[in-house]
file start_32.cif (mmCIF, C-alpha atoms)
data_start
loop_
_atom_site.label_atom_id
_atom_site.label_comp_id
_atom_site.auth_asym_id
_atom_site.auth_seq_id
_atom_site.Cartn_x
_atom_site.Cartn_y
_atom_site.Cartn_z
CA MET A 8 118.69 90.17 161.70
CA THR A 9 116.50 87.48 160.14
CA TYR A 10 112.85 86.75 160.78
CA GLU A 11 113.72 83.65 162.79
CA GLU A 12 116.28 85.52 164.88
CA LEU A 13 113.79 88.26 165.65
CA LEU A 14 111.08 85.78 166.61
CA THR A 15 113.51 83.80 168.77
CA GLU A 16 114.66 86.93 170.58
CA THR A 17 111.07 88.09 171.07
CA ALA A 18 109.84 84.72 172.36
CA LEU A 19 112.76 84.30 174.77
CA SER A 20 112.15 87.76 176.23
CA ASN A 21 108.38 87.28 176.55
CA GLU A 22 107.05 83.97 177.85
CA GLN A 23 103.56 84.82 176.60
CA VAL A 24 104.68 84.38 172.98
CA VAL A 25 103.73 81.00 171.50
CA VAL A 26 104.94 80.00 168.04
CA MET A 27 102.58 77.86 165.95
CA THR A 28 102.75 76.34 162.49
CA ALA A 29 100.57 74.20 160.25
CA GLU A 30 103.47 71.98 159.19
CA ASN A 31 105.24 74.90 157.52
CA ARG A 32 108.58 75.28 159.29
CA ALA A 33 110.58 77.10 156.62
CA LEU A 34 110.64 80.30 158.68
CA VAL A 35 110.99 78.70 162.11
CA ARG A 36 112.90 75.44 161.67
CA ASN A 37 115.26 76.10 164.62
CA LEU A 38 112.62 77.15 167.14
CA PRO A 39 111.26 73.78 168.40
CA GLY A 40 114.45 73.06 170.31
CA VAL A 41 114.57 76.57 171.71
CA LEU A 42 110.97 77.02 172.80
CA GLY A 43 109.97 73.49 173.74
CA LYS A 44 106.26 73.40 174.62
CA ARG A 45 105.82 76.96 173.35
CA PHE A 46 106.33 75.65 169.81
CA ILE A 47 103.21 73.92 168.46
CA ASP A 48 102.92 72.22 165.08
CA THR A 49 99.28 71.31 164.42
CA GLY A 50 100.02 69.55 161.14
CA ILE A 51 98.31 70.48 157.88
CA THR A 52 95.33 71.94 159.74
CA GLU A 53 95.24 75.69 159.28
CA GLN A 54 91.69 75.95 160.62
CA THR A 55 92.57 74.02 163.76
CA MET A 56 95.68 76.15 164.23
CA ILE A 57 93.67 79.39 164.10
CA GLY A 58 91.08 78.02 166.51
CA ALA A 59 93.82 76.93 168.92
CA SER A 60 95.54 80.31 168.60
CA ALA A 61 92.28 82.00 169.62
CA GLY A 62 92.10 79.80 172.71
CA LEU A 63 95.66 80.65 173.63
CA ALA A 64 95.05 84.37 173.05
CA LEU A 65 92.01 84.24 175.34
CA ARG A 66 94.37 82.99 178.04
CA GLY A 67 96.80 85.86 177.64
CA ARG A 68 99.20 84.32 175.16
CA ILE A 69 100.47 86.00 171.98
CA PRO A 70 100.34 83.34 169.25
CA VAL A 71 102.52 83.90 166.18
CA VAL A 72 101.17 81.48 163.59
CA HIS A 73 102.69 80.31 160.31
CA ALA A 74 101.37 78.76 157.12
CA LEU A 75 101.46 79.30 153.38
CA ALA A 76 99.69 82.60 152.77
CA ALA A 77 97.11 81.04 150.45
CA PHE A 78 95.96 78.51 153.03
CA LEU A 79 96.33 80.78 156.05
CA THR A 80 93.98 83.36 154.52
CA MET A 81 91.62 81.23 152.44
CA ARG A 82 91.34 77.79 153.99
CA ALA A 83 91.17 79.30 157.49
CA PHE A 84 89.19 82.42 156.54
CA GLU A 85 86.08 81.64 158.58
CA PHE A 86 88.19 80.88 161.65
CA VAL A 87 90.17 84.12 161.29
CA ARG A 88 86.92 86.04 160.90
CA THR A 89 84.97 84.35 163.67
CA ASP A 90 87.57 83.31 166.24
CA LEU A 91 90.00 86.23 165.89
CA GLY A 92 88.17 89.10 164.19
CA ILE A 93 84.91 89.10 166.12
CA ALA A 94 86.70 88.56 169.44
CA ASN A 95 89.54 90.96 168.48
CA LEU A 96 92.23 88.59 169.76
CA PRO A 97 95.93 89.40 169.29
CA ALA A 98 97.00 86.39 167.22
CA LYS A 99 99.67 87.30 164.67
CA LEU A 100 99.42 85.61 161.28
CA SER A 101 102.61 85.19 159.24
CA GLY A 102 101.76 84.34 155.63
CA PHE A 103 104.62 82.62 153.78
CA ILE A 104 105.22 83.00 150.00
CA PRO A 105 102.48 85.57 149.27
CA GLY A 106 101.90 87.11 145.84
CA PHE A 107 104.60 86.49 143.24
CA LEU A 108 106.83 84.97 145.94
CA SER A 109 104.94 81.70 145.36
CA ASP A 110 106.47 81.91 141.87
CA ALA A 111 106.56 78.24 140.75
CA ASN A 112 103.22 77.35 142.33
CA GLY A 113 99.92 77.21 140.48
CA PRO A 114 96.66 79.01 141.31
CA THR A 115 95.81 76.86 144.35
CA HIS A 116 98.95 78.09 146.11
CA GLN A 117 98.90 81.71 144.90
CA ALA A 118 97.88 84.25 147.53
CA ILE A 119 96.94 87.17 145.32
CA GLU A 120 93.63 88.02 146.97
CA ASP A 121 94.92 87.84 150.55
CA ILE A 122 95.07 91.60 151.14
CA SER A 123 91.48 91.94 150.00
CA ILE A 124 89.98 89.22 152.16
CA MET A 125 92.02 89.92 155.30
CA ARG A 126 91.38 93.66 155.33
CA GLY A 127 87.67 92.96 154.96
CA ILE A 128 87.54 91.44 158.44
CA PRO A 129 86.79 93.98 161.20
CA ASN A 130 89.67 94.36 163.71
CA VAL A 131 92.18 92.46 161.54
CA THR A 132 95.16 94.63 160.55
CA VAL A 133 97.18 93.99 157.38
CA PHE A 134 100.86 94.60 156.60
CA ALA A 135 103.22 93.95 153.69
CA PRO A 136 106.96 94.58 154.24
CA ALA A 137 109.12 95.44 151.25
CA ASP A 138 112.02 93.14 152.19
CA GLU A 139 113.71 91.54 155.18
CA ASP A 140 115.02 94.83 156.59
CA ASP A 141 111.51 96.27 156.43
CA LEU A 142 110.09 93.07 157.91
CA VAL A 143 112.23 93.03 161.04
CA LYS A 144 111.62 96.75 161.59
CA MET A 145 107.85 96.31 161.31
CA LEU A 146 107.17 93.12 163.25
CA PRO A 147 108.00 94.30 166.78
CA GLU A 148 105.29 96.97 166.50
CA ILE A 149 102.86 94.55 164.87
CA TRP A 150 103.44 91.91 167.55
CA LYS A 151 102.93 94.48 170.33
CA SER A 152 99.58 95.58 168.91
CA PRO A 153 96.43 94.35 170.71
CA ASN A 154 94.73 93.51 167.39
CA PRO A 155 94.85 90.39 165.23
CA ALA A 156 97.30 90.99 162.39
CA TYR A 157 98.09 89.46 159.03
CA THR A 158 101.57 90.04 157.61
CA ARG A 159 102.78 89.11 154.16
CA ILE A 160 106.17 87.67 155.10
CA ASN A 161 108.98 88.82 152.82
CA THR A 162 112.50 87.69 153.72
CA ARG A 163 114.18 88.85 150.51
CA LYS A 164 117.38 90.79 151.12
CA THR A 165 117.90 94.14 149.39
CA THR A 166 120.37 96.97 149.85
CA HIS A 167 117.67 99.45 150.83
CA VAL A 168 117.70 100.59 154.46
CA HIS A 169 114.19 101.40 155.64
CA GLU A 170 112.98 103.99 158.10
CA PRO A 171 111.59 102.95 161.51
CA PHE A 172 108.02 101.67 161.36
CA GLU A 173 104.88 103.18 162.82
CA LEU A 174 101.49 101.47 162.61
CA GLY A 175 99.34 103.11 159.96
CA LYS A 176 102.18 105.09 158.41
CA ALA A 177 103.69 104.73 154.96
CA GLU A 178 107.38 105.22 154.20
CA VAL A 179 108.06 108.04 151.73
CA ILE A 180 111.15 107.16 149.71
CA SER A 181 110.96 110.13 147.34
CA SER A 182 108.52 112.80 146.17
CA GLY A 183 107.63 113.59 142.58
CA SER A 184 105.32 115.98 140.76
CA ASP A 185 104.90 113.97 137.54
CA VAL A 186 104.38 110.42 138.84
CA THR A 187 104.22 108.81 142.26
CA ILE A 188 104.32 105.03 142.62
CA LEU A 189 102.49 103.57 145.62
CA THR A 190 103.50 99.98 146.27
CA TYR A 191 104.16 97.33 148.91
CA GLY A 192 105.92 94.03 149.46
CA LEU A 193 107.97 92.35 146.75
CA MET A 194 107.08 94.97 144.13
CA PHE A 195 109.06 97.60 146.04
CA GLU A 196 112.26 96.14 144.51
CA GLN A 197 110.94 96.58 140.99
CA ALA A 198 109.54 100.03 141.79
CA LEU A 199 113.03 101.21 142.72
CA ILE A 200 114.25 100.16 139.27
CA ALA A 201 111.26 101.78 137.55
CA VAL A 202 111.87 105.07 139.38
CA GLU A 203 115.42 105.26 138.07
CA VAL A 204 114.32 104.54 134.50
CA LEU A 205 111.62 107.22 134.71
CA LYS A 206 114.01 109.76 136.21
CA ASN A 207 116.40 109.13 133.33
CA GLU A 208 113.51 110.02 131.03
CA GLY A 209 113.30 113.41 132.73
CA LEU A 210 110.29 112.79 134.96
CA SER A 211 109.89 113.91 138.55
CA VAL A 212 109.09 110.62 140.28
CA GLY A 213 107.95 109.78 143.80
CA LEU A 214 107.91 106.41 145.52
CA VAL A 215 105.97 105.42 148.64
CA ASN A 216 106.26 102.11 150.48
CA MET A 217 102.67 101.44 151.63
CA ARG A 218 103.88 98.94 154.21
CA SER A 219 100.78 99.33 156.43
CA LEU A 220 97.67 98.54 154.38
CA LYS A 221 95.22 98.45 157.27
CA PRO A 222 95.36 100.84 158.96
CA VAL A 223 96.45 102.75 155.87
CA ASP A 224 98.15 106.13 155.70
CA GLU A 225 95.26 108.20 154.34
CA ALA A 226 97.21 111.43 154.73
CA ILE A 227 99.97 110.36 152.34
CA ILE A 228 97.45 109.19 149.74
CA LEU A 229 95.71 112.57 149.86
CA GLN A 230 99.04 114.39 149.78
CA VAL A 231 100.20 112.48 146.71
CA ALA A 232 96.83 113.04 145.02
CA ALA A 233 97.28 116.78 145.47
CA SER A 234 100.95 117.01 144.50
CA SER A 235 101.49 114.46 141.72
CA ASN A 236 99.97 114.42 138.23
CA LEU A 237 99.66 110.63 138.22
CA ILE A 238 99.41 108.01 140.95
CA VAL A 239 100.49 104.47 140.04
CA THR A 240 99.36 101.64 142.32
CA LEU A 241 101.70 98.69 141.89
CA GLU A 242 100.96 95.32 143.52
CA ASP A 243 101.28 91.56 143.07
CA HIS A 244 97.62 91.10 143.89
CA PHE A 245 94.30 91.07 142.10
CA LEU A 246 93.14 94.50 140.96
CA THR A 247 90.01 94.10 143.07
CA GLY A 248 90.34 94.71 146.78
CA GLY A 249 94.01 95.60 147.00
CA LEU A 250 95.91 98.88 147.00
CA TYR A 251 94.06 100.25 143.97
CA THR A 252 90.76 99.74 145.78
CA ILE A 253 92.19 101.21 149.00
CA VAL A 254 93.30 104.36 147.18
CA ALA A 255 89.91 104.67 145.48
CA GLU A 256 88.12 104.33 148.81
CA VAL A 257 90.26 107.04 150.42
CA LEU A 258 89.78 109.47 147.54
CA LEU A 259 86.02 108.92 147.55
CA GLN A 260 85.81 109.20 151.34
CA TYR A 261 87.44 112.63 151.23
CA GLN A 262 85.55 113.71 148.09
CA THR A 263 88.66 114.32 146.04
CA SER A 264 89.99 112.88 142.81
CA ALA A 265 93.24 111.95 141.12
CA LYS A 266 94.50 110.30 137.97
CA VAL A 267 95.29 106.73 139.03
CA MET A 268 96.95 104.02 136.96
CA PRO A 269 96.74 100.52 138.48
CA ILE A 270 99.32 97.83 137.76
CA ALA A 271 97.92 94.59 139.17
CA LEU A 272 96.56 91.21 138.10
CA LYS A 273 93.16 91.63 136.51
CA GLU A 274 90.81 88.66 136.84
CA ARG A 275 93.48 86.01 136.40
CA TRP A 276 96.20 84.09 138.17
CA PHE A 277 99.81 84.28 137.04
CA ARG A 278 101.67 81.63 135.07
CA PRO A 279 103.96 79.60 137.38
CA ALA A 280 107.69 80.03 136.73
CA LEU A 281 110.85 81.10 138.51
CA LEU A 282 110.43 84.57 139.98
CA PRO A 283 112.43 86.52 137.34
CA ASP A 284 110.39 84.82 134.62
CA VAL A 285 107.11 85.49 136.43
CA LEU A 286 107.94 89.19 136.62
CA GLN A 287 108.94 89.27 132.95
CA ASN A 288 105.96 87.21 131.72
CA GLU A 289 103.46 89.31 133.65
CA GLY A 290 104.99 92.69 132.77
CA PHE A 291 106.06 93.46 136.34
CA SER A 292 109.81 93.90 135.95
CA GLY A 293 111.13 97.35 136.80
CA LYS A 294 111.84 98.21 133.16
CA GLN A 295 108.41 97.04 132.02
CA ILE A 296 106.71 99.01 134.79
CA ALA A 297 108.52 102.15 133.67
CA GLU A 298 107.56 101.50 130.03
CA ARG A 299 103.91 101.03 130.99
CA ILE A 300 103.93 104.31 132.91
CA LEU A 301 105.62 106.15 130.03
CA GLY A 302 103.04 104.69 127.64
CA TYR A 303 100.23 105.89 129.89
CA GLN A 304 101.83 109.32 130.19
CA THR A 305 102.00 109.72 126.42
CA GLY A 306 98.47 108.44 125.92
CA TYR A 307 99.09 105.06 124.34
CA SER A 308 99.83 101.54 125.48
CA GLN A 309 102.96 99.70 124.40
CA PRO A 310 101.99 96.26 123.05
CA SER A 311 105.59 95.05 123.32
CA ILE A 312 105.35 95.10 127.10
CA LEU A 313 102.88 92.23 127.43
CA THR A 314 101.89 89.45 125.11
CA PRO A 315 98.13 89.37 124.27
CA GLU A 316 97.67 86.43 126.65
CA PHE A 317 98.90 88.57 129.52
CA SER A 318 97.43 91.92 128.58
CA GLU A 319 95.55 93.82 131.27
#
call {"tool": "encode", "arguments": {"input": "start_32.cif", "output": "structure tokens"}}
result
Amino acid sequence: MTYEELLTETALSNEQVVVMTAENRALVRNLPGVLGKRFIDTGITEQTMIGASAGLALRGRIPVVHALAAFLTMRAFEFVRTDLGIANLPAKLSGFIPGFLSDANGPTHQAIEDISIMRGIPNVTVFAPADEDDLVKMLPEIWKSPNPAYTRINTRKTTHVHEPFELGKAEVISSGSDVTILTYGLMFEQALIAVEVLKNEGLSVGLVNMRSLKPVDEAIILQVAASSNLIVTLEDHFLTGGLYTIVAEVLLQYQTSAKVMPIALKERWFRPALLPDVLQNEGFSGKQIAERILGYQTGYSQPSILTPEFSE
């Protein structure tokens, strides 16, 4: 099932669902004819769209709103905070092309701080599916929740079949005593590759899909901290405010410690290119991730992984 098919099925079975977009119909291009007046395109006005969604939510509707992730979270931030967060209204925000998925776009269109700013708003929940299978398994629970929610939309198809979703719970793919990779969204694909490379090097490797970032699965973070020699946080997001920060907050809250290696973007945007080239240029391909972890394990960095311009 695709995102559009799921949304169509959900909207047809529940007349309270209203689909909105700020002139970004890539995910919902077939819905206007199906939903009629329950499909609203506000034009390139993300702030207006969020304000209107709050009004609809106050009247018992469930707005599912769409825009490019960068504009949905940054241009409309005050409206999400004030109209949805403070009032705790159940509008559901679908952010298109987040993180490296905006591959050929420059910094203005790169949503690589979206997790940080959305999770900072009280009442707003945050989710990041690993692929389309994960997405369609997660969204029914997210849409049923009474809270406002931001989801990094990821419609990439992979061969991985995910477990059923529960709010606030991570998906444990494998357990490992040497290294455990915690990741979410697009980087899950590359993490799968990295795990195989590391296993071939004789390491015991775990992998956790941190699909729910707020609420986050504190128990799995603490479990991994106690059972694995190294935690790797892997994300197509700024180092500040994302998964690395979340893990640090949980460890500090419970007065425990762990060796944590972050793989994220540090104080810079990524160079626009096609997605495979972005991953390679930034050192985020599965093979490069594995090499970086092996270098960390042996106590030295491998300069061949990243050019000086893209070093951490």
call {"tool": "closest_residue", "arguments": {"input": "start_32.cif", "among": "A:Leu281, A:Leu259, A:Val168, A:Leu286", "to": "Asp110 (chain A)", "atoms": "only C-alpha atoms"}}
result
A:Leu281
call {"tool": "resolve_selection", "arguments": {"input": "start_32.cif", "expression": "the PyMOL selection byres ((chain A and resi 95) around 10)", "output": "count of residues only"}}
result
21
call {"tool": "resolve_selection", "arguments": {"input": "start_32.cif", "expression": "the PyMOL selection byres ((chain A and resi 247) around 12)", "output": "PDB file with C-alpha atoms, keeping the file's coordinate frame"}}
result
ATOM      1  CA  ILE A 119      96.940  87.170 145.320  1.00  0.00           C
ATOM      2  CA  GLU A 120      93.630  88.020 146.970  1.00  0.00           C
ATOM      3  CA  ASP A 121      94.920  87.840 150.550  1.00  0.00           C
ATOM      4  CA  ILE A 122      95.070  91.600 151.140  1.00  0.00           C
ATOM      5  CA  SER A 123      91.480  91.940 150.000  1.00  0.00           C
ATOM      6  CA  ILE A 124      89.980  89.220 152.160  1.00  0.00           C
ATOM      7  CA  GLU A 242     100.960  95.320 143.520  1.00  0.00           C
ATOM      8  CA  ASP A 243     101.280  91.560 143.070  1.00  0.00           C
ATOM      9  CA  HIS A 244      97.620  91.100 143.890  1.00  0.00           C
ATOM     10  CA  PHE A 245      94.300  91.070 142.100  1.00  0.00           C
ATOM     11  CA  LEU A 246      93.140  94.500 140.960  1.00  0.00           C
ATOM     12  CA  GLY A 248      90.340  94.710 146.780  1.00  0.00           C
ATOM     13  CA  GLY A 249      94.010  95.600 147.000  1.00  0.00           C
ATOM     14  CA  LEU A 250      95.910  98.880 147.000  1.00  0.00           C
ATOM     15  CA  TYR A 251      94.060 100.250 143.970  1.00  0.00           C
ATOM     16  CA  THR A 252      90.760  99.740 145.780  1.00  0.00           C
ATOM     17  CA  ILE A 253      92.190 101.210 149.000  1.00  0.00           C
ATOM     18  CA  VAL A 254      93.300 104.360 147.180  1.00  0.00           C
ATOM     19  CA  ALA A 255      89.910 104.670 145.480  1.00  0.00           C
ATOM     20  CA  GLU A 256      88.120 104.330 148.810  1.00  0.00           C
ATOM     21  CA  PRO A 269      96.740 100.520 138.480  1.00  0.00           C
ATOM     22  CA  ILE A 270      99.320  97.830 137.760  1.00  0.00           C
ATOM     23  CA  ALA A 271      97.920  94.590 139.170  1.00  0.00           C
ATOM     24  CA  LEU A 272      96.560  91.210 138.100  1.00  0.00           C
ATOM     25  CA  LYS A 273      93.160  91.630 136.510  1.00  0.00           C
ATOM     26  CA  GLU A 274      90.810  88.660 136.840  1.00  0.00           C
ATOM     27  CA  ARG A 275      93.480  86.010 136.400  1.00  0.00           C
TER      28      ARG A 275
END
call {"tool": "resolve_selection", "arguments": {"input": "start_32.cif", "expression": "the PyMOL selection byres ((chain A and resi 25) around 7)", "output": "list of chain:residue names"}}
result
A:Gln23, A:Val24, A:Val26, A:Met27, A:Arg45, A:Phe46, A:Arg68, A:Ile69, A:Pro70, A:Val71
call {"tool": "write_last_selection", "arguments": {"input": "start_32.cif", "atoms": "C-alpha atoms", "output": "PDB file, in the frame of the given file"}}
result
ATOM      1  CA  GLN A  23     103.560  84.820 176.600  1.00  0.00           C
ATOM      2  CA  VAL A  24     104.680  84.380 172.980  1.00  0.00           C
ATOM      3  CA  VAL A  26     104.940  80.000 168.040  1.00  0.00           C
ATOM      4  CA  MET A  27     102.580  77.860 165.950  1.00  0.00           C
ATOM      5  CA  ARG A  45     105.820  76.960 173.350  1.00  0.00           C
ATOM      6  CA  PHE A  46     106.330  75.650 169.810  1.00  0.00           C
ATOM      7  CA  ARG A  68      99.200  84.320 175.160  1.00  0.00           C
ATOM      8  CA  ILE A  69     100.470  86.000 171.980  1.00  0.00           C
ATOM      9  CA  PRO A  70     100.340  83.340 169.250  1.00  0.00           C
ATOM     10  CA  VAL A  71     102.520  83.900 166.180  1.00  0.00           C
TER      11      VAL A  71
END
call {"tool": "closest_residue", "arguments": {"input": "start_32.cif", "among": "A:Asp48, A:Glu11, A:Asp141, A:Asp284", "to": "Glu196 (chain A)", "atoms": "all atoms listed in the file"}}
result
A:Asp141
call {"tool": "residues_around", "arguments": {"input": "start_32.cif", "residues": "Met145 (chain A)", "least_positions_apart": "2", "cutoff": "9 Å", "atoms": "only C-alpha atoms", "output": "PDB file with C-alpha atoms, in the coordinates of the input"}}
result
ATOM      1  CA  PHE A 134     100.860  94.600 156.600  1.00  0.00           C
ATOM      2  CA  PRO A 136     106.960  94.580 154.240  1.00  0.00           C
ATOM      3  CA  ASP A 140     115.020  94.830 156.590  1.00  0.00           C
ATOM      4  CA  ASP A 141     111.510  96.270 156.430  1.00  0.00           C
ATOM      5  CA  LEU A 142     110.090  93.070 157.910  1.00  0.00           C
ATOM      6  CA  VAL A 143     112.230  93.030 161.040  1.00  0.00           C
ATOM      7  CA  PRO A 147     108.000  94.300 166.780  1.00  0.00           C
ATOM      8  CA  GLU A 148     105.290  96.970 166.500  1.00  0.00           C
ATOM      9  CA  ILE A 149     102.860  94.550 164.870  1.00  0.00           C
ATOM     10  CA  TRP A 150     103.440  91.910 167.550  1.00  0.00           C
ATOM     11  CA  PRO A 171     111.590 102.950 161.510  1.00  0.00           C
ATOM     12  CA  PHE A 172     108.020 101.670 161.360  1.00  0.00           C
ATOM     13  CA  GLU A 173     104.880 103.180 162.820  1.00  0.00           C
ATOM     14  CA  LEU A 174     101.490 101.470 162.610  1.00  0.00           C
ATOM     15  CA  ARG A 218     103.880  98.940 154.210  1.00  0.00           C
TER      16      ARG A 218
END
call {"tool": "atom_distance", "arguments": {"input": "start_32.cif", "atom1": "CA of Gln54 (chain A)", "atom2": "CA of Ile160 (chain A)"}}
result
19.4 Å
call {"tool": "build_atoms", "arguments": {"input": "start_32.cif", "residues": "region 289-298 of chain A", "atoms": "all heavy atoms", "output": "CSV table (one decimal), keeping the file's coordinate frame"}}
result
chain,number,residue,atom,x,y,z
A,289,GLU,N,104.6,88.5,133.2
A,289,GLU,CA,103.5,89.3,133.6
A,289,GLU,C,103.6,90.8,133.4
A,289,GLU,O,102.7,91.6,133.7
A,289,GLU,CB,103.1,89.0,135.1
A,289,GLU,CG,102.9,87.6,135.5
A,289,GLU,CD,101.7,87.0,134.8
A,289,GLU,OE1,100.8,87.7,134.4
A,289,GLU,OE2,101.7,85.7,134.6
A,290,GLY,N,104.8,91.3,133.0
A,290,GLY,CA,105.0,92.7,132.8
A,290,GLY,C,105.2,93.5,134.0
A,290,GLY,O,105.0,94.7,134.1
A,291,PHE,N,105.8,92.8,135.1
A,291,PHE,CA,106.1,93.5,136.3
A,291,PHE,C,107.5,93.7,136.7
A,291,PHE,O,107.9,94.0,137.8
A,291,PHE,CB,105.4,92.6,137.5
A,291,PHE,CG,103.9,92.8,137.6
A,291,PHE,CD1,103.1,92.2,136.7
A,291,PHE,CD2,103.4,93.6,138.6
A,291,PHE,CE1,101.7,92.3,136.8
A,291,PHE,CE2,102.0,93.7,138.7
A,291,PHE,CZ,101.2,93.1,137.8
A,292,SER,N,108.4,93.5,135.7
A,292,SER,CA,109.8,93.9,136.0
A,292,SER,C,109.9,95.4,136.0
A,292,SER,O,109.1,96.1,135.5
A,292,SER,CB,110.7,93.4,134.8
A,292,SER,OG,110.5,94.1,133.6
A,293,GLY,N,111.0,95.9,136.7
A,293,GLY,CA,111.1,97.4,136.8
A,293,GLY,C,111.1,98.1,135.5
A,293,GLY,O,110.4,99.1,135.3
A,294,LYS,N,111.8,97.6,134.5
A,294,LYS,CA,111.8,98.2,133.2
A,294,LYS,C,110.5,98.2,132.5
A,294,LYS,O,110.0,99.2,131.9
A,294,LYS,CB,112.8,97.5,132.3
A,294,LYS,CG,113.0,98.1,130.9
A,294,LYS,CD,114.1,97.4,130.1
A,294,LYS,CE,114.3,98.0,128.7
A,294,LYS,NZ,113.1,97.8,127.8
A,295,GLN,N,109.7,97.1,132.6
A,295,GLN,CA,108.4,97.0,132.0
A,295,GLN,C,107.4,98.0,132.7
A,295,GLN,O,106.6,98.6,132.1
A,295,GLN,CB,107.9,95.6,132.1
A,295,GLN,CG,108.6,94.7,131.1
A,295,GLN,CD,108.2,93.2,131.4
A,295,GLN,OE1,108.2,92.8,132.6
A,295,GLN,NE2,107.9,92.5,130.4
A,296,ILE,N,107.6,98.1,134.0
A,296,ILE,CA,106.7,99.0,134.8
A,296,ILE,C,106.9,100.4,134.3
A,296,ILE,O,106.0,101.2,134.0
A,296,ILE,CB,107.0,98.9,136.3
A,296,ILE,CG1,106.5,97.5,136.8
A,296,ILE,CG2,106.3,100.0,137.1
A,296,ILE,CD1,107.1,97.2,138.2
A,297,ALA,N,108.2,100.8,134.2
A,297,ALA,CA,108.5,102.2,133.7
A,297,ALA,C,108.0,102.4,132.3
A,297,ALA,O,107.4,103.4,132.0
A,297,ALA,CB,110.0,102.4,133.7
A,298,GLU,N,108.1,101.4,131.4
A,298,GLU,CA,107.6,101.5,130.0
A,298,GLU,C,106.0,101.7,130.0
A,298,GLU,O,105.5,102.4,129.2
A,298,GLU,CB,108.0,100.3,129.2
A,298,GLU,CG,109.4,100.2,128.9
A,298,GLU,CD,109.9,98.9,128.2
A,298,GLU,OE1,109.0,98.0,128.2
A,298,GLU,OE2,111.0,98.9,127.7
